[in-house]
Every structure is written in C-alpha cells, then in structure tokens.
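K.L.:
So here's start_29.tsv, just TSV, C-alpha atoms:
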```
chain	number	residue	atom	x	y	z
A	1	MET	CA	-20.96	5.74	24.66
A	2	ALA	CA	-18.49	7.73	22.56
A	3	ILE	CA	-16.35	4.63	21.96
A	4	GLY	CA	-19.40	2.60	20.96
A	5	GLN	CA	-20.51	5.33	18.58
A	6	THR	CA	-17.04	5.51	17.04
A	7	LEU	CA	-16.87	1.74	16.53
A	8	LYS	CA	-20.32	1.78	14.97
A	9	ALA	CA	-19.24	4.55	12.60
A	10	ILE	CA	-16.12	2.57	11.62
A	11	LYS	CA	-18.22	-0.54	10.98
A	12	ARG	CA	-20.66	1.41	8.81
A	13	ALA	CA	-17.79	3.00	6.89
A	14	ILE	CA	-16.32	-0.44	6.15
A	15	TRP	CA	-19.70	-1.55	4.79
A	16	ILE	CA	-20.02	1.61	2.70
A	17	GLY	CA	-16.49	1.12	1.35
A	18	TRP	CA	-17.36	-2.39	0.19
A	19	LYS	CA	-20.54	-1.18	-1.49
A	20	VAL	CA	-18.77	1.68	-3.25
A	21	ASP	CA	-16.01	-0.61	-4.50
A	22	SER	CA	-18.18	-3.53	-5.61
A	23	ASN	CA	-21.61	-2.29	-6.70
A	24	TRP	CA	-20.59	-0.96	-10.13
A	25	ALA	CA	-20.60	-4.39	-11.80
A	26	ASP	CA	-21.96	-7.90	-11.43
A	27	PRO	CA	-19.92	-10.10	-9.06
A	28	PHE	CA	-18.18	-12.09	-11.82
A	29	LEU	CA	-17.00	-9.00	-13.70
A	30	PHE	CA	-15.92	-7.36	-10.46
A	31	ALA	CA	-13.93	-10.47	-9.45
A	32	ILE	CA	-12.10	-10.42	-12.82
A	33	TYR	CA	-11.21	-6.74	-12.47
A	34	TYR	CA	-10.26	-7.26	-8.83
A	35	LEU	CA	-7.67	-9.86	-9.84
A	36	ILE	CA	-6.51	-8.68	-13.26
A	37	ARG	CA	-5.54	-5.17	-12.22
A	38	PRO	CA	-2.69	-6.12	-9.83
A	39	LEU	CA	-1.83	-9.42	-11.50
A	40	SER	CA	-1.20	-7.87	-14.92
A	41	GLY	CA	1.43	-5.47	-13.56
A	42	LEU	CA	3.23	-8.26	-11.72
A	43	LEU	CA	3.18	-10.54	-14.77
A	44	ILE	CA	4.68	-7.81	-16.96
A	45	VAL	CA	7.59	-7.30	-14.59
A	46	GLY	CA	7.92	-11.04	-14.01
A	47	PHE	CA	8.15	-11.93	-17.69
A	48	ILE	CA	10.71	-9.19	-18.26
A	49	GLY	CA	12.79	-10.73	-15.48
A	50	LEU	CA	12.25	-14.19	-16.92
A	51	VAL	CA	13.54	-13.07	-20.32
A	52	VAL	CA	16.64	-11.55	-18.71
A	53	LEU	CA	17.20	-14.67	-16.59
A	54	ASN	CA	16.96	-17.05	-19.55
A	55	SER	CA	19.01	-14.88	-21.91
A	56	GLY	CA	21.94	-14.53	-19.54
A	57	ALA	CA	22.28	-10.92	-20.64
A	58	VAL	CA	23.01	-9.86	-17.07
A	59	GLY	CA	25.73	-12.00	-15.54
A	60	ASN	CA	24.71	-11.75	-11.88
A	61	PHE	CA	20.97	-12.06	-12.51
A	62	SER	CA	19.84	-15.26	-10.79
A	63	LYS	CA	16.83	-16.96	-9.25
A	64	GLY	CA	17.57	-15.06	-6.06
A	65	THR	CA	17.34	-11.79	-7.95
A	66	PHE	CA	14.10	-12.91	-9.59
A	67	ALA	CA	12.59	-13.87	-6.22
A	68	TYR	CA	13.74	-10.50	-4.84
A	69	PHE	CA	11.76	-8.37	-7.24
A	70	PHE	CA	8.92	-10.93	-7.45
A	71	LEU	CA	8.24	-10.51	-3.74
A	72	GLY	CA	8.87	-6.78	-3.90
A	73	ASN	CA	6.36	-6.18	-6.69
A	74	THR	CA	3.78	-8.53	-5.18
A	75	PHE	CA	3.69	-6.93	-1.75
A	76	PHE	CA	4.11	-3.41	-3.09
A	77	ILE	CA	0.50	-3.85	-4.27
A	78	PHE	CA	-0.43	-3.57	-0.59
A	79	LEU	CA	0.89	-0.01	-0.35
A	80	VAL	CA	-0.46	1.07	-3.74
A	81	SER	CA	-3.99	-0.15	-3.07
A	82	VAL	CA	-4.34	1.36	0.40
A	83	THR	CA	-2.74	4.73	-0.32
A	84	THR	CA	-4.58	5.18	-3.63
A	85	ASP	CA	-7.96	4.43	-2.08
A	86	MET	CA	-7.28	6.70	0.88
A	87	SER	CA	-5.88	9.52	-1.24
A	88	ILE	CA	-8.91	9.81	-3.52
A	89	LEU	CA	-11.42	9.41	-0.67
A	90	ILE	CA	-11.65	13.13	0.14
A	91	PRO	CA	-11.95	14.32	-3.50
A	92	MET	CA	-14.50	11.63	-4.37
A	93	ASP	CA	-16.74	12.30	-1.37
A	94	ARG	CA	-16.40	16.05	-1.76
A	95	ASN	CA	-16.70	16.40	-5.54
A	96	ARG	CA	-18.48	13.36	-6.93
A	97	TYR	CA	-20.83	12.24	-4.18
A	98	GLU	CA	-20.99	15.62	-2.38
A	99	VAL	CA	-21.39	14.00	1.04
A	100	LEU	CA	-18.19	15.15	2.78
A	101	LYS	CA	-19.86	18.13	4.45
A	102	ASN	CA	-22.65	15.85	5.73
A	103	ILE	CA	-20.19	13.32	7.12
A	104	TYR	CA	-18.17	16.09	8.74
A	105	ILE	CA	-21.08	17.38	10.86
A	106	THR	CA	-22.23	13.96	12.10
A	107	PRO	CA	-21.56	13.14	15.79
A	108	SER	CA	-18.86	10.59	14.85
A	109	SER	CA	-17.24	13.15	12.48
A	110	LEU	CA	-14.79	12.48	9.66
A	111	ARG	CA	-11.94	10.44	11.16
A	112	PRO	CA	-13.85	7.24	12.09
A	113	TYR	CA	-15.42	7.28	8.65
A	114	MET	CA	-12.01	7.58	6.98
A	115	LEU	CA	-10.55	4.91	9.24
A	116	GLY	CA	-13.36	2.52	8.32
A	117	ARG	CA	-12.88	3.17	4.62
A	118	GLY	CA	-9.14	2.67	5.10
A	119	ILE	CA	-9.70	-0.67	6.85
A	120	MET	CA	-11.84	-1.77	3.91
A	121	SER	CA	-8.96	-0.81	1.62
A	122	VAL	CA	-6.60	-2.93	3.74
A	123	ILE	CA	-8.96	-5.90	3.43
A	124	ASP	CA	-9.20	-5.38	-0.33
A	125	ALA	CA	-5.43	-5.05	-0.64
A	126	SER	CA	-4.80	-8.17	1.46
A	127	LEU	CA	-7.09	-10.29	-0.72
A	128	SER	CA	-5.58	-8.82	-3.85
A	129	VAL	CA	-2.03	-9.60	-2.70
A	130	LEU	CA	-3.02	-13.14	-1.68
A	131	LEU	CA	-4.66	-13.94	-5.02
A	132	THR	CA	-1.94	-12.25	-7.06
A	133	PHE	CA	0.84	-14.01	-5.16
A	134	THR	CA	-0.82	-17.43	-5.49
A	135	ILE	CA	-1.43	-17.24	-9.23
A	136	ALA	CA	1.89	-15.59	-10.10
A	137	TYR	CA	3.77	-18.06	-7.86
A	138	LEU	CA	2.22	-21.01	-9.72
A	139	ILE	CA	3.01	-19.46	-13.10
A	140	PHE	CA	6.63	-18.54	-12.45
A	141	SER	CA	7.43	-21.64	-10.41
A	142	ALA	CA	6.72	-23.59	-13.59
A	143	LEU	CA	8.60	-21.19	-15.89
A	144	VAL	CA	11.74	-20.36	-13.88
A	145	PRO	CA	14.32	-23.16	-14.22
A	146	GLY	CA	14.58	-24.93	-10.86
A	147	GLY	CA	11.70	-22.95	-9.37
A	148	LEU	CA	11.53	-19.55	-7.71
A	149	GLY	CA	13.57	-20.49	-4.68
A	150	ILE	CA	10.71	-19.56	-2.36
A	151	ASN	CA	9.81	-22.40	0.02
A	152	LEU	CA	6.26	-21.79	1.21
A	153	ALA	CA	6.39	-24.71	3.63
A	154	ALA	CA	9.39	-23.22	5.47
A	155	ALA	CA	8.11	-19.64	5.51
A	156	ASN	CA	7.85	-17.75	8.80
A	157	TYR	CA	4.15	-16.86	8.72
A	158	LEU	CA	4.21	-15.28	12.16
A	159	LEU	CA	6.83	-12.79	10.98
A	160	LEU	CA	4.82	-12.24	7.79
A	161	ALA	CA	1.61	-11.55	9.76
A	162	LEU	CA	3.40	-9.08	12.05
A	163	THR	CA	4.97	-7.38	9.03
A	164	LEU	CA	1.62	-7.04	7.26
A	165	LEU	CA	0.04	-5.61	10.42
A	166	LEU	CA	2.75	-2.97	10.78
A	167	GLY	CA	2.57	-2.30	7.06
A	168	ALA	CA	-1.21	-1.81	7.22
A	169	LEU	CA	-0.80	0.75	10.00
A	170	ASN	CA	1.92	2.49	8.00
A	171	TRP	CA	-0.10	2.75	4.80
A	172	LEU	CA	-3.24	3.84	6.66
A	173	ALA	CA	-1.20	6.61	8.26
A	174	LEU	CA	0.22	7.56	4.87
A	175	GLY	CA	-3.33	7.61	3.51
A	176	PHE	CA	-4.34	10.08	6.24
A	177	ILE	CA	-1.36	12.28	5.33
A	178	LEU	CA	-2.40	12.33	1.67
A	179	SER	CA	-5.98	13.02	2.70
A	180	ALA	CA	-4.78	15.96	4.79
A	181	VAL	CA	-3.17	17.44	1.68
A	182	ASN	CA	-6.32	16.85	-0.36
A	183	LEU	CA	-8.45	18.56	2.29
A	184	LEU	CA	-6.61	21.78	1.50
A	185	SER	CA	-6.26	21.27	-2.24
A	186	ALA	CA	-8.68	20.65	-5.07
A	187	LYS	CA	-6.03	20.13	-7.75
A	188	LEU	CA	-3.97	17.11	-6.67
A	189	GLN	CA	-6.60	14.42	-6.24
A	190	PHE	CA	-5.59	12.34	-9.27
A	191	THR	CA	-1.82	12.83	-9.11
A	192	LEU	CA	-0.74	13.12	-5.48
A	193	GLN	CA	-0.66	9.38	-4.78
A	194	GLU	CA	1.20	8.79	-8.04
A	195	TYR	CA	4.03	11.06	-6.91
A	196	VAL	CA	4.29	9.38	-3.51
A	197	VAL	CA	4.00	5.82	-4.84
A	198	GLY	CA	6.64	6.59	-7.47
A	199	ILE	CA	9.11	7.77	-4.82
A	200	PHE	CA	8.46	4.68	-2.72
A	201	TYR	CA	8.84	2.43	-5.76
A	202	LEU	CA	12.14	3.98	-6.82
A	203	PHE	CA	13.83	4.23	-3.42
A	204	GLY	CA	12.06	1.47	-1.46
A	205	GLY	CA	13.93	-1.58	-2.70
A	206	VAL	CA	11.02	-2.92	-4.76
A	207	ILE	CA	12.92	-4.15	-7.82
A	208	PHE	CA	16.55	-3.43	-6.97
A	209	ALA	CA	18.61	-3.16	-3.81
A	210	PRO	CA	19.00	0.31	-2.27
A	211	SER	CA	22.74	-0.32	-2.07
A	212	ILE	CA	23.10	0.37	-5.81
A	213	LEU	CA	21.66	3.87	-5.41
A	214	PRO	CA	23.91	6.92	-5.02
A	215	ASN	CA	24.59	8.06	-1.47
A	216	TRP	CA	21.75	10.59	-1.46
A	217	GLY	CA	19.38	7.91	-2.79
A	218	GLN	CA	20.43	5.49	-0.06
A	219	THR	CA	19.75	8.19	2.53
A	220	ILE	CA	16.20	8.56	1.23
A	221	SER	CA	15.77	4.77	1.14
A	222	ASN	CA	16.91	4.41	4.74
A	223	VAL	CA	14.06	6.59	6.05
A	224	LEU	CA	11.27	5.04	3.98
A	225	PRO	CA	9.19	2.41	5.80
A	226	ILE	CA	8.59	0.50	2.56
A	227	ARG	CA	12.22	-0.64	2.54
A	228	TYR	CA	11.90	-2.33	5.93
A	229	PHE	CA	8.44	-3.64	5.14
A	230	LEU	CA	9.67	-5.42	2.02
A	231	ALA	CA	12.86	-6.56	3.76
A	232	ALA	CA	10.75	-8.18	6.50
A	233	VAL	CA	8.49	-9.82	3.91
A	234	ARG	CA	11.51	-11.28	2.12
A	235	LEU	CA	12.98	-12.48	5.42
A	236	SER	CA	9.72	-14.26	6.23
A	237	PHE	CA	10.21	-16.26	3.01
A	238	SER	CA	13.98	-16.64	3.65
A	239	SER	CA	14.60	-14.81	0.39
A	240	CYS	CA	16.13	-11.45	1.31
A	241	GLY	CA	18.67	-11.80	-1.49
A	242	LEU	CA	20.13	-8.40	-2.38
A	243	ASP	CA	19.10	-6.49	0.74
A	244	CYS	CA	19.56	-8.72	3.78
A	245	LEU	CA	19.06	-7.08	7.16
A	246	PRO	CA	18.85	-8.83	10.56
A	247	VAL	CA	15.27	-9.69	11.52
A	248	ASN	CA	15.39	-7.74	14.79
A	249	THR	CA	16.84	-4.67	13.10
A	250	THR	CA	14.26	-4.81	10.31
A	251	LEU	CA	11.32	-5.11	12.71
A	252	GLU	CA	12.67	-2.39	14.97
A	253	TYR	CA	13.03	0.05	12.07
A	254	LEU	CA	9.60	-0.91	10.74
A	255	ALA	CA	7.98	-0.46	14.16
A	256	VAL	CA	9.67	2.91	14.72
A	257	SER	CA	8.72	4.12	11.24
A	258	THR	CA	5.14	2.96	11.82
A	259	LEU	CA	4.92	4.87	15.08
A	260	GLY	CA	6.44	7.93	13.43
A	261	MET	CA	4.02	7.76	10.49
A	262	VAL	CA	1.01	7.42	12.82
A	263	VAL	CA	2.08	10.41	14.94
A	264	ILE	CA	2.84	12.56	11.88
A	265	SER	CA	-0.48	11.61	10.25
A	266	ILE	CA	-2.46	12.57	13.36
A	267	LEU	CA	-0.69	15.92	13.64
A	268	LEU	CA	-0.94	16.79	9.95
A	269	PHE	CA	-4.56	15.73	9.61
A	270	THR	CA	-5.51	17.71	12.72
A	271	LEU	CA	-3.78	20.83	11.42
A	272	ALA	CA	-5.26	20.40	7.94
A	273	GLU	CA	-8.75	19.84	9.33
A	274	ARG	CA	-8.56	22.98	11.47
A	275	ARG	CA	-7.27	25.10	8.60
A	276	CYS	CA	-9.84	23.63	6.25
A	277	ARG	CA	-12.65	24.52	8.65
A	278	ARG	CA	-11.25	28.02	9.24
A	279	LEU	CA	-11.03	28.73	5.50
A	280	GLY	CA	-14.39	27.16	4.71
A	281	LEU	CA	-12.95	24.48	2.41
A	282	ILE	CA	-14.89	21.43	3.64
A	283	ASP	CA	-17.23	21.52	0.65
A	284	GLN	CA	-14.71	22.99	-1.78
A	285	LYS	CA	-15.14	21.48	-5.24
A	286	ALA	CA	-12.89	21.35	-8.27
A	287	GLU	CA	-14.86	22.48	-11.29
A	288	TYR	CA	-13.29	21.77	-14.65
```
As structure tokens - that is how I would like this structure written.

P.N.:
Amino acid sequence: MAIGQTLKAIKRAIWIGWKVDSNWADPFLFAIYYLIRPLSGLLIVGFIGLVVLNSGAVGNFSKGTFAYFFLGNTFFIFLVSVTTDMSILIPMDRNRYEVLKNIYITPSSLRPYMLGRGIMSVIDASLSVLLTFTIAYLIFSALVPGGLGINLAAANYLLLALTLLLGALNWLALGFILSAVNLLSAKLQFTLQEYVVGIFYLFGGVIFAPSILPNWGQTISNVLPIRYFLAAVRLSFSSCGLDCLPVNTTLEYLAVSTLGMVVISILLFTLAERRCRRLGLIDQKAEY
C-alpha cells in the first residue's frame, strides 16, 4: 500500500511539473522558448569556436577540438536544466505558491513529490538536449569544413543511454542536495545553482580538457561526476578528443560518483529536513 501510494504521488508530481512548466503560454510560444533557451547558448559558443577554427588564430584548434566542446556544451544542458529546476523547487513552492507546508503533511510527504518533479525535469532536459543537438548538429555540420567529425551512424547508443541514465541519477541527487540547502535558507534560491553550475562548468571538462588546469584544479575535476559523464558521452560518439579515458574506467568512475551522490543526497536531505522541522522553517518565506 505504501509503495502504491508513493508511486501515485510521484506520478501526480510529474503531471504537476508539466503543468507548472507549460501552462504559462500557448503551446507554440512555449515550444519556441523550450528550444531557443538552450540552443542560443550553444550557438553562441559554437560560432565563437567556428571563428577561431576558420581564422587559424590557435594553431592546435581543430575539428576534434570543436567537436569536444560542441558535445560538452550540448550535454551540459542536461545538468543545468535538472539542477536549476530542482534547486528552485523549494523556494517556489514555499514562497510563491505557498503549498510546501501542505505537501509536507500529506501521507506521501515531500520526497516523492520532489522526485516526481525531478523526473519531469529529466524528461524536459532530455527533450531539450535532443532538439538542441539535432539542430546545432545540422547547422555546424554544414559550416565546419569537412564536417564535425561526429559519425552518428557509428555511435554507441547503448553506452550513451547508460551514460544518460547515470547522469540523470547524478543530477537528481545533486538537485536534492541543493534543495536541502534551500530548506534551511531563504536567501540563496536564485543564486545557489549558479554557483554550483559554474564550478561544474569550469572544472568539468565542458569546453577545455581538465589536463590544462593547474594541479589543484585537476584534483577538483577528478572528483566531479560531470567530467566522467561528458567523457562517456564523447566516447559514445567516438570523439573524446582532448580528454580520452578508457570506457570501463569512465563508467566505473561515473557509477561510483553516482552512488556517492545518491547516498550523500539522502543523508543531507534527511538531516536538513529534520533540522527544518525542529526549527519550524517549513513555511519560512523570504520577504523582500
């Protein structure tokens, strides 16, 4: 009975997440926003790389380098979308909609609701990455001399699917960690995810190889799951380029980091929830 109730709560939360995300505009306008937001960022970075590639200003900048940061920026959208949606979930439901206290006292409680909303974010992010990759791939395949060097027909889609699954679990866990912080704070709701995403972007091998970082930067990079996530994505397209790691090693590190993130997220969210209840902060609001 408890399992059935939990699954029902997760299903309802997924439906609510879709309604919250999509009911602010007519379907056509929403579809444009849904695509333009991630695509515009990728196109900016892509055209900068295209200018550098065609100018020859950087001697070792090649199609392999272009494919490296093309894939990195495309699939980094996955992390940004999930963690941003999860991070602002607590502040939005507590401050704007004022329903967090009502959700908290329901029989299914807060976690299934958050998990359902997180799953909806994963679905949104997956569609966004797919559409962004398809359109940007067509654009830059025509503009980059000789093509991008990414052979879609020869790609390892099984490895890609496994990587995306582990990545989804990782980013959901990270979203729970950020939500745990926001449970105890009413001041970080609009900036917390920006700090975390910025660290992941700088040290995660998104646009340049971690090997060019100083030793302390490489140490940080080696413990971030985003590095192994992106490395596995690039391996699935046979385009690891500047940061080649063996497939088995990459998947092992990604699996271990996923397990670690899930365990840490459960512990931190449990501790934050208990402290939040003890201090009476469930319905705490930030008034500006």

K.L.:
Using only C-alpha atoms, find each residue in region 5-114 of chain A having at least one atom no more than 10 Å away from region 186-205 of chain A; report its shortest atom-to-atom pair and that distance in Å (one decimal), rows by chain then rising number, as a tab-separated table.

P.N.:
```
residue	atom	partner	partner_atom	distance
A:Tyr68	CA	A:Gly205	CA	9.2
A:Phe69	CA	A:Gly205	CA	8.5
A:Gly72	CA	A:Gly205	CA	7.4
A:Asn73	CA	A:Tyr201	CA	9.0
A:Phe76	CA	A:Tyr201	CA	8.0
A:Leu79	CA	A:Val197	CA	8.0
A:Val80	CA	A:Val197	CA	6.6
A:Thr83	CA	A:Gln193	CA	6.8
A:Thr84	CA	A:Gln193	CA	5.9
A:Asp85	CA	A:Gln193	CA	9.2
A:Met86	CA	A:Gln193	CA	9.1
A:Ser87	CA	A:Gln193	CA	6.3
A:Ile88	CA	A:Gln189	CA	5.8
A:Leu89	CA	A:Gln189	CA	8.9
A:Ile90	CA	A:Gln189	CA	8.2
A:Pro91	CA	A:Gln189	CA	6.0
A:Met92	CA	A:Gln189	CA	8.6
A:Arg94	CA	A:Ala186	CA	9.6
A:Asn95	CA	A:Ala186	CA	9.1
```

K.L.:
Counting all atoms listed in the file, which of A:Leu245, A:Leu162, A:Leu235, A:Leu271 gets nearest to Asn222 (chain A)?

P.N.:
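Looking only at the distances to Asn222 (chain A), the closest residue turns out to be A:Leu245.
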
K.L.:
By how many Å are CA of Ile139 (chain A) and CA of Ser121 (chain A) apart?

P.N.:
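Separation of CA of Ile139 (chain A) and CA of Ser121 (chain A): 26.6 Å.
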
K.L.:
Could you name the residues that touch region 143-148 of chain A at 7 Å or less, counting only C-alpha atoms, but leaving out those on the same chain fewer than 3 positions away, as an NGL selection string?

P.N.:
:A and (50 or 63 or 67 or 139-140)

K.L.:
Which residue is closest to Phe78 (chain A)? Choose from A:Tyr253, A:Phe208, A:Phe133, A:Trp216 and count only C-alpha atoms.

P.N.:
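Ranked by minimum distance to Phe78 (chain A), first place goes to A:Phe133.
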